[in-house]
Every structure is written in structure tokens, then in C-alpha cells.
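Data first, discussion second: the structure below is written as C-alpha cells.
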Amino acid sequence: MRNEIIYTADVLQAINAGRPVVALESTIIAHGMPYPQNLEFAREAEAIALTYSAQPATIAILGGKVCVGLDDGQLEQLASDPSVGKVATREIGSTLARKGNGATTVSATMSLAHAAGIKVFATGGIGGVHRDADKSFDISADLIELSRTPVIVVSAGAKAILDLPKTLEYLETMSVPVIGYQTDEFPAFYSRKSGLMLSARANFAKNIAATYLAQLEMGISSGILIANPVPEEFDLPFETMDKHIAIALQDAQSEGVEGKALTPFLLGRIVELTEGESLVTNRALALNNVKLGAEIAFKLSELT
Ligand code: PSU
Ligand code: MN
């Protein structure tokens, strides 16, 4: 009756041999991008990890099993089947128990990557404190998971639809190290700059790997958030994006969208408002994170 993890042969071999492995999430595929661009993205993310010498392991729950590493048919299912739900950590147990399907968010992917023995995970942008959090209390479970699960999460910061200063404050309170990769500034997902300064910076992947190992040696169980700015050529100006985000937030309010539907709604609305430009940037930043994730996983395997 035990719920085992189903690994692909490639992923299991890489983990057992101590070779570099980078986990990838599935909510970004199922709920973060439209079809078929999401499928192309999922395939390309895997290809980039391999190019940078790391084994990709896309994580999802399919047929009531935790799948670590997916085949192309499973990626296609995630990308195109609207019945695949969005699963955060608190929904892992119920999804497994009812033998359901679920695309895993940053929080759920972190906790399953940890259970599977994977130390590095690349995503787009993490969830965080929403802009009206003083009224809605909407704070992503991604932040809680970062505070208690020792996985390195490579992101382009938190999604710009959020309250970024409050998100950084919350991460500080929850003792989550936030390290700018080759930057002193917290990136704003679509934009390289937010005007918010970080207290930690790493210029090389090996320093990130060393920080992670130092934390583990001291029994610190939190994750580490890496803030990796979107490549220059895909940067969308913060001011322009803020105008689109304001409209998307208004639309969400007037349509009564809230809870876990909010983030997918806002991302989708912003794709429409920018006529697809935000999708091009979202794809580019997420792929850039996979590349850095692979480099960190490589350094980690060298050091251990
Ligand atoms: N990054 C992206 N697109 C996404 C997400 C991240 O580029 O769709 C997803 C992640 O799975 C993240 C989730 O965990 O959005 C946050 O959802 P919420 O705000 O409901 O916690
Ligand atoms: Mn939420």
C-alpha cells in the first residue's frame, strides 16, 4: 500500500551515481503557459538541462503516483489536459490517496524533489505575498516550503504580480537566504530590476553550492532562493509591466478570481495584454534558470 516514487531510469541512475540532477516543476507547464507553447517549453527545459550536463527530472503526480522524470507522452498530458489540477504541498496527500493527477507548484515540487533525493530545482518565478495581502491574507505556500525544505530553488525572483517588498520581508522572517546571481538587486520576474536590494550575492555557481553544503553541515533545514535576472534581451520594463499588472489585478477583482486560481489568471491575462510578449519573456527567464540550475547541480556533484 506504500506510495512509492516512480523514477525514470535516467533519473534514478543519475541520483544513485551522484551525477547532477535538476528538478523541474509542472504547474508552470499546466497552469502557467498556454498550449502548445507550454509543451515546447517543457521539452526545451529538459534539453537545456542535458546540454549543461545535468539530468532533468520534471515532477508531477500522475495516476496517483509521484513521477520524478516524465516521458514525452506525460509532458503532453500535463500540457494539454485541463483536468490536471494545481497541487501545492498541502494537496499532495489527497491527490495520491484518490489516485489523481496533479501539476506541482514550487512548494509541492520542492517537497517531492527533497523526498526523491534531488537538491536543485529550477522554476520561473516563485509565489509570494500578494499585493492586497493585508486584506486577503494571500501568501503563497512556496515561501513556507522554502523555510523548511533544503532544496536550492533557482528563480527570476518572485512574480511581479506580487508585493515584492513584502515578499522579501517575509523571506527574511522565515530565515530563507535570498542570493542574487551576478546581481545586487532582486529581479522582478519580467524585469531585471525592481529597485529592491539584496543582502547576498554570488557570482559563481560553485559559491551557491558551497553555501548550500555549509547550511546542511550546520543542520539548517531551509532552502535557498536564487534570484537570477532574465537575460537582458528579454527584459520588459518594470513601469510598462506594472501598468498591465494593474489592469489584470482589476479584472481578477471584478471577475471574483481568488485563491489558487489567481496566479494562473493573472499570468494568462498579462499574456493577452502584452500580446504574447510576456510569454516570450517568461519562457526565456525559466530556461535561463534551468541553465543555472544545471550549473549549480554540476558544482554540487563535484563538491560531494
Ligand atoms: N513560475 C512561472 N509560472 C508559474 C509558476 C511559477 O513562471 O505558473 C507557478 C509556480 O508553480 C508557483 C505558483 O508555485 O505559480 C504560485 O502559485 P500561488 O501564487 O497560488 O502560490
Ligand atoms: Mn495564494
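Ordering of the C-alpha cells sets the chain letters (A, B, ...), residue numbers begin anew at 1 in every chain, and ligands are numbered from 1 in the order given.
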Pull the closest atom pair for each residue of chain A that gets at most 7 Å from ligand 1, along with the distance in Å to one decimal, counting only C-alpha atoms and all ligand atoms, ordering rows by chain and then ascending residue number, as JSON lines.
{"residue": "A:Glu25", "atom": "CA", "partner": "ligand 1", "partner_atom_place_in_ligand_line": "11 (O)", "distance": 6.6}
{"residue": "A:Ser26", "atom": "CA", "partner": "ligand 1", "partner_atom_place_in_ligand_line": "11 (O)", "distance": 7.0}
{"residue": "A:Thr27", "atom": "CA", "partner": "ligand 1", "partner_atom_place_in_ligand_line": "11 (O)", "distance": 4.5}
{"residue": "A:Ile28", "atom": "CA", "partner": "ligand 1", "partner_atom_place_in_ligand_line": "8 (O)", "distance": 3.8}
{"residue": "A:His31", "atom": "CA", "partner": "ligand 1", "partner_atom_place_in_ligand_line": "8 (O)", "distance": 5.5}
{"residue": "A:Gly32", "atom": "CA", "partner": "ligand 1", "partner_atom_place_in_ligand_line": "8 (O)", "distance": 3.3}
{"residue": "A:Met33", "atom": "CA", "partner": "ligand 1", "partner_atom_place_in_ligand_line": "8 (O)", "distance": 6.9}
{"residue": "A:Thr104", "atom": "CA", "partner": "ligand 1", "partner_atom_place_in_ligand_line": "11 (O)", "distance": 6.4}
{"residue": "A:Thr105", "atom": "CA", "partner": "ligand 1", "partner_atom_place_in_ligand_line": "11 (O)", "distance": 3.3}
{"residue": "A:Val106", "atom": "CA", "partner": "ligand 1", "partner_atom_place_in_ligand_line": "14 (O)", "distance": 3.7}
{"residue": "A:Ser107", "atom": "CA", "partner": "ligand 1", "partner_atom_place_in_ligand_line": "14 (O)", "distance": 5.9}
{"residue": "A:Thr123", "atom": "CA", "partner": "ligand 1", "partner_atom_place_in_ligand_line": "1 (N)", "distance": 5.8}
{"residue": "A:Gly124", "atom": "CA", "partner": "ligand 1", "partner_atom_place_in_ligand_line": "7 (O)", "distance": 3.6}
{"residue": "A:Gly125", "atom": "CA", "partner": "ligand 1", "partner_atom_place_in_ligand_line": "1 (N)", "distance": 4.0}
{"residue": "A:Ile126", "atom": "CA", "partner": "ligand 1", "partner_atom_place_in_ligand_line": "12 (C)", "distance": 5.1}
{"residue": "A:Gly127", "atom": "CA", "partner": "ligand 1", "partner_atom_place_in_ligand_line": "16 (C)", "distance": 4.0}
{"residue": "A:Gly128", "atom": "CA", "partner": "ligand 1", "partner_atom_place_in_ligand_line": "19 (O)", "distance": 6.3}
{"residue": "A:Ser140", "atom": "CA", "partner": "ligand 1", "partner_atom_place_in_ligand_line": "21 (O)", "distance": 3.8}
{"residue": "A:Ala141", "atom": "CA", "partner": "ligand 1", "partner_atom_place_in_ligand_line": "21 (O)", "distance": 5.6}
{"residue": "A:Asp142", "atom": "CA", "partner": "ligand 1", "partner_atom_place_in_ligand_line": "14 (O)", "distance": 5.8}
{"residue": "A:Gly259", "atom": "CA", "partner": "ligand 1", "partner_atom_place_in_ligand_line": "20 (O)", "distance": 6.5}
{"residue": "A:Lys260", "atom": "CA", "partner": "ligand 1", "partner_atom_place_in_ligand_line": "20 (O)", "distance": 4.2}
{"residue": "A:Ala261", "atom": "CA", "partner": "ligand 1", "partner_atom_place_in_ligand_line": "20 (O)", "distance": 6.7}
{"residue": "A:Leu262", "atom": "CA", "partner": "ligand 1", "partner_atom_place_in_ligand_line": "20 (O)", "distance": 6.5}
{"residue": "A:Thr263", "atom": "CA", "partner": "ligand 1", "partner_atom_place_in_ligand_line": "19 (O)", "distance": 5.0}
{"residue": "A:Pro264", "atom": "CA", "partner": "ligand 1", "partner_atom_place_in_ligand_line": "8 (O)", "distance": 6.0}
{"residue": "A:Asn282", "atom": "CA", "partner": "ligand 1", "partner_atom_place_in_ligand_line": "7 (O)", "distance": 5.7}
{"residue": "A:Ala286", "atom": "CA", "partner": "ligand 1", "partner_atom_place_in_ligand_line": "7 (O)", "distance": 6.4}
Next, write the just-selected residues to a file, as a short mmCIF file (atom, residue, chain, number, x, y, z; two decimals), in the first residue's frame, keeping N, CA, C and O atoms as the atom set.
data_model
loop_
_atom_site.label_atom_id
_atom_site.label_comp_id
_atom_site.auth_asym_id
_atom_site.auth_seq_id
_atom_site.Cartn_x
_atom_site.Cartn_y
_atom_site.Cartn_z
N GLU A 25 9.45 21.95 -12.35
CA GLU A 25 8.07 21.86 -11.86
C GLU A 25 7.07 21.67 -13.00
O GLU A 25 7.41 21.87 -14.18
N SER A 26 5.86 21.32 -12.65
CA SER A 26 4.85 21.07 -13.68
C SER A 26 3.69 22.06 -13.68
O SER A 26 2.96 22.15 -14.67
N THR A 27 3.53 22.86 -12.62
CA THR A 27 2.46 23.86 -12.67
C THR A 27 2.73 24.91 -13.73
O THR A 27 1.82 25.37 -14.42
N ILE A 28 4.00 25.27 -13.90
CA ILE A 28 4.35 26.24 -14.94
C ILE A 28 3.91 25.72 -16.32
O ILE A 28 3.51 26.49 -17.18
N HIS A 31 -0.42 25.21 -15.85
CA HIS A 31 -1.23 26.38 -15.48
C HIS A 31 -0.52 27.71 -15.69
O HIS A 31 -1.10 28.76 -15.42
N GLY A 32 0.74 27.67 -16.13
CA GLY A 32 1.49 28.92 -16.25
C GLY A 32 1.61 29.43 -17.67
O GLY A 32 1.91 30.60 -17.88
N MET A 33 1.41 28.55 -18.65
CA MET A 33 1.57 28.93 -20.05
C MET A 33 0.48 28.26 -20.88
O MET A 33 0.02 27.18 -20.54
N THR A 104 2.52 20.04 -10.06
CA THR A 104 3.04 20.50 -8.78
C THR A 104 3.58 21.93 -8.86
O THR A 104 4.28 22.30 -9.79
N THR A 105 3.23 22.72 -7.85
CA THR A 105 3.72 24.10 -7.74
C THR A 105 5.15 24.08 -7.20
O THR A 105 5.71 23.01 -6.92
N VAL A 106 5.70 25.25 -6.97
CA VAL A 106 7.04 25.33 -6.38
C VAL A 106 7.06 24.62 -5.03
O VAL A 106 7.96 23.83 -4.74
N SER A 107 6.05 24.86 -4.18
CA SER A 107 6.08 24.23 -2.86
C SER A 107 6.04 22.71 -2.97
O SER A 107 6.85 22.01 -2.35
N THR A 123 12.76 26.93 -11.59
CA THR A 123 11.39 27.32 -11.93
C THR A 123 11.44 28.66 -12.68
O THR A 123 12.50 29.10 -13.11
N GLY A 124 10.27 29.31 -12.82
CA GLY A 124 10.23 30.64 -13.41
C GLY A 124 10.35 31.66 -12.30
O GLY A 124 11.44 32.13 -11.95
N GLY A 125 9.22 31.99 -11.70
CA GLY A 125 9.21 32.87 -10.54
C GLY A 125 8.43 32.20 -9.43
O GLY A 125 7.47 31.49 -9.70
N ILE A 126 8.84 32.41 -8.19
CA ILE A 126 8.11 31.78 -7.09
C ILE A 126 6.85 32.58 -6.76
O ILE A 126 6.70 33.74 -7.15
N GLY A 127 5.92 31.95 -6.05
CA GLY A 127 4.79 32.66 -5.48
C GLY A 127 5.27 33.45 -4.27
O GLY A 127 6.38 33.23 -3.77
N GLY A 128 4.46 34.38 -3.80
CA GLY A 128 4.88 35.19 -2.65
C GLY A 128 3.70 35.87 -1.99
O GLY A 128 2.58 35.34 -1.99
N SER A 140 1.75 32.89 -0.64
CA SER A 140 1.98 31.58 -1.26
C SER A 140 2.67 30.60 -0.32
O SER A 140 3.61 30.97 0.42
N ALA A 141 2.24 29.35 -0.37
CA ALA A 141 2.88 28.27 0.39
C ALA A 141 4.32 28.05 -0.08
O ALA A 141 5.10 27.39 0.63
N ASP A 142 4.69 28.61 -1.25
CA ASP A 142 6.09 28.49 -1.70
C ASP A 142 7.05 29.04 -0.65
O ASP A 142 8.14 28.50 -0.44
N GLY A 259 -7.82 32.86 -4.51
CA GLY A 259 -7.24 31.57 -4.11
C GLY A 259 -6.25 31.08 -5.15
O GLY A 259 -5.55 31.85 -5.78
N LYS A 260 -6.21 29.76 -5.35
CA LYS A 260 -5.18 29.21 -6.22
C LYS A 260 -5.42 29.51 -7.70
O LYS A 260 -4.52 29.31 -8.53
N ALA A 261 -6.60 29.99 -8.04
CA ALA A 261 -6.87 30.36 -9.44
C ALA A 261 -6.26 31.71 -9.80
O ALA A 261 -6.11 32.03 -10.98
N LEU A 262 -5.89 32.49 -8.78
CA LEU A 262 -5.48 33.87 -9.05
C LEU A 262 -4.20 33.96 -9.88
O LEU A 262 -4.17 34.66 -10.90
N THR A 263 -3.14 33.28 -9.47
CA THR A 263 -1.86 33.40 -10.18
C THR A 263 -1.99 32.97 -11.65
O THR A 263 -1.58 33.73 -12.54
N PRO A 264 -2.58 31.78 -11.95
CA PRO A 264 -2.76 31.41 -13.37
C PRO A 264 -3.59 32.45 -14.14
O PRO A 264 -3.27 32.76 -15.29
N ASN A 282 8.70 35.07 -20.16
CA ASN A 282 8.52 34.02 -19.15
C ASN A 282 9.30 32.77 -19.55
O ASN A 282 10.02 32.17 -18.74
N ALA A 286 12.68 31.33 -17.57
CA ALA A 286 12.61 29.99 -16.98
C ALA A 286 13.73 29.10 -17.56
O ALA A 286 14.36 28.33 -16.82
#
Would you kindly return, as a PyMOL selection string, each protein, DNA or RNA residue with an atom no farther than 10 Å from any atom of region 229-246 of chain A, considering only C-alpha atoms and excluding same-chain residues fewer than 5 positions away? chain A and resi 124+155-157+160-162+180-183+185-195+251-252+266-267+269-274+277-278+280-289
Contact table region 86-194 of chain A vs region 50-60 of chain A, cut-off 8 Å, shortest pair per residue, only C-alpha atoms, as a tab-separated table:
residue	atom	partner	partner_atom	distance
A:Asn101	CA	A:Ala60	CA	7.8
A:Gly102	CA	A:Ala60	CA	6.1
A:Ala103	CA	A:Ala60	CA	5.2
A:Thr104	CA	A:Ala60	CA	5.6
A:Thr109	CA	A:Ile59	CA	6.4
A:Leu112	CA	A:Ile59	CA	7.7
A:Ala113	CA	A:Ile59	CA	7.6
What lies within 8 Å of Lys119 (chain A) using only C-alpha atoms, ignoring chain neighbours under 6 positions off, as a list of chain:residue names?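 The contact residues come out as A:Val21, A:Val22, A:Ala113, A:Pro150, A:Val151, A:Ile152, A:Ala297.
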Which residues are near Ala116 (chain A)? Cut-off 9 Å, only C-alpha atoms, ignore same chain within fewer than 3 positions. Put them as a PyMOL selection string. chain A and resi 5+7+15+68+111-113
Assign secondary structure with DSSP using the backbone only, and return the residues of region 39-278 of chain A in helix (DSSP H, G or I) as JSON, numbers by chain. {"A": [39, 40, 41, 42, 43, 44, 45, 46, 47, 48, 49, 50, 51, 72, 73, 74, 75, 76, 77, 78, 79, 80, 89, 90, 91, 92, 93, 94, 95, 96, 97, 106, 107, 108, 109, 110, 111, 112, 113, 114, 115, 116, 133, 134, 135, 136, 141, 142, 143, 144, 145, 146, 147, 148, 164, 165, 166, 167, 168, 169, 170, 171, 172, 173, 205, 206, 207, 208, 209, 210, 211, 212, 213, 214, 215, 216, 217, 232, 233, 234, 238, 239, 240, 241, 242, 243, 244, 245, 246, 247, 248, 249, 250, 251, 252, 253, 254, 259, 260, 261, 262, 263, 264, 265, 266, 267, 268, 269, 270, 271, 272, 273, 277, 278]}
Hey, what's within 9 Å of His130 (chain A) if we count only C-alpha atoms and toss same-chain stuff fewer than 4 positions away? As a list in words, please?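 Returned residues: Asp134, Ser136, Phe137, Asp138, Ile139, Ser140, Ile161, Leu162, Asp163, Leu164, Lys166 and Thr167 of chain A.
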What does the file look like for those residues with N, CA, C and O atoms, as a CSV table (one decimal), in the first residue's frame?
chain,number,residue,atom,x,y,z
A,134,ASP,N,-2.8,42.4,3.0
A,134,ASP,CA,-3.3,42.9,4.3
A,134,ASP,C,-4.8,42.6,4.4
A,134,ASP,O,-5.3,42.4,5.5
A,136,SER,N,-6.5,40.2,2.0
A,136,SER,CA,-6.8,38.8,1.5
A,136,SER,C,-6.1,37.7,2.3
A,136,SER,O,-6.5,36.6,2.3
A,137,PHE,N,-5.0,38.1,2.9
A,137,PHE,CA,-4.1,37.1,3.6
A,137,PHE,C,-3.5,36.2,2.6
A,137,PHE,O,-3.0,35.1,3.0
A,138,ASP,N,-3.4,36.5,1.4
A,138,ASP,CA,-2.9,35.6,0.3
A,138,ASP,C,-1.4,35.6,0.3
A,138,ASP,O,-0.8,36.5,-0.2
A,139,ILE,N,-0.8,34.6,0.9
A,139,ILE,CA,0.6,34.4,0.9
A,139,ILE,C,0.9,33.0,0.4
A,139,ILE,O,0.4,32.0,0.9
A,140,SER,N,1.7,32.9,-0.6
A,140,SER,CA,2.0,31.6,-1.3
A,140,SER,C,2.7,30.6,-0.3
A,140,SER,O,3.6,31.0,0.4
A,161,ILE,N,3.5,40.2,-10.2
A,161,ILE,CA,2.1,40.5,-9.8
A,161,ILE,C,2.0,40.6,-8.3
A,161,ILE,O,1.0,40.9,-7.8
A,162,LEU,N,3.1,40.3,-7.6
A,162,LEU,CA,3.1,40.2,-6.1
A,162,LEU,C,3.5,41.5,-5.5
A,162,LEU,O,4.0,42.4,-6.2
A,163,ASP,N,3.5,41.6,-4.2
A,163,ASP,CA,4.1,42.7,-3.5
A,163,ASP,C,5.5,42.3,-3.2
A,163,ASP,O,5.8,41.5,-2.3
A,164,LEU,N,6.4,42.8,-4.0
A,164,LEU,CA,7.8,42.3,-3.8
A,164,LEU,C,8.5,42.7,-2.5
A,164,LEU,O,9.2,41.9,-1.9
A,166,LYS,N,7.1,43.1,0.4
A,166,LYS,CA,6.6,42.3,1.5
A,166,LYS,C,7.1,40.8,1.3
A,166,LYS,O,7.3,40.1,2.3
A,167,THR,N,7.2,40.4,0.1
A,167,THR,CA,7.7,39.0,-0.2
A,167,THR,C,9.1,38.9,0.4
A,167,THR,O,9.5,37.9,1.0
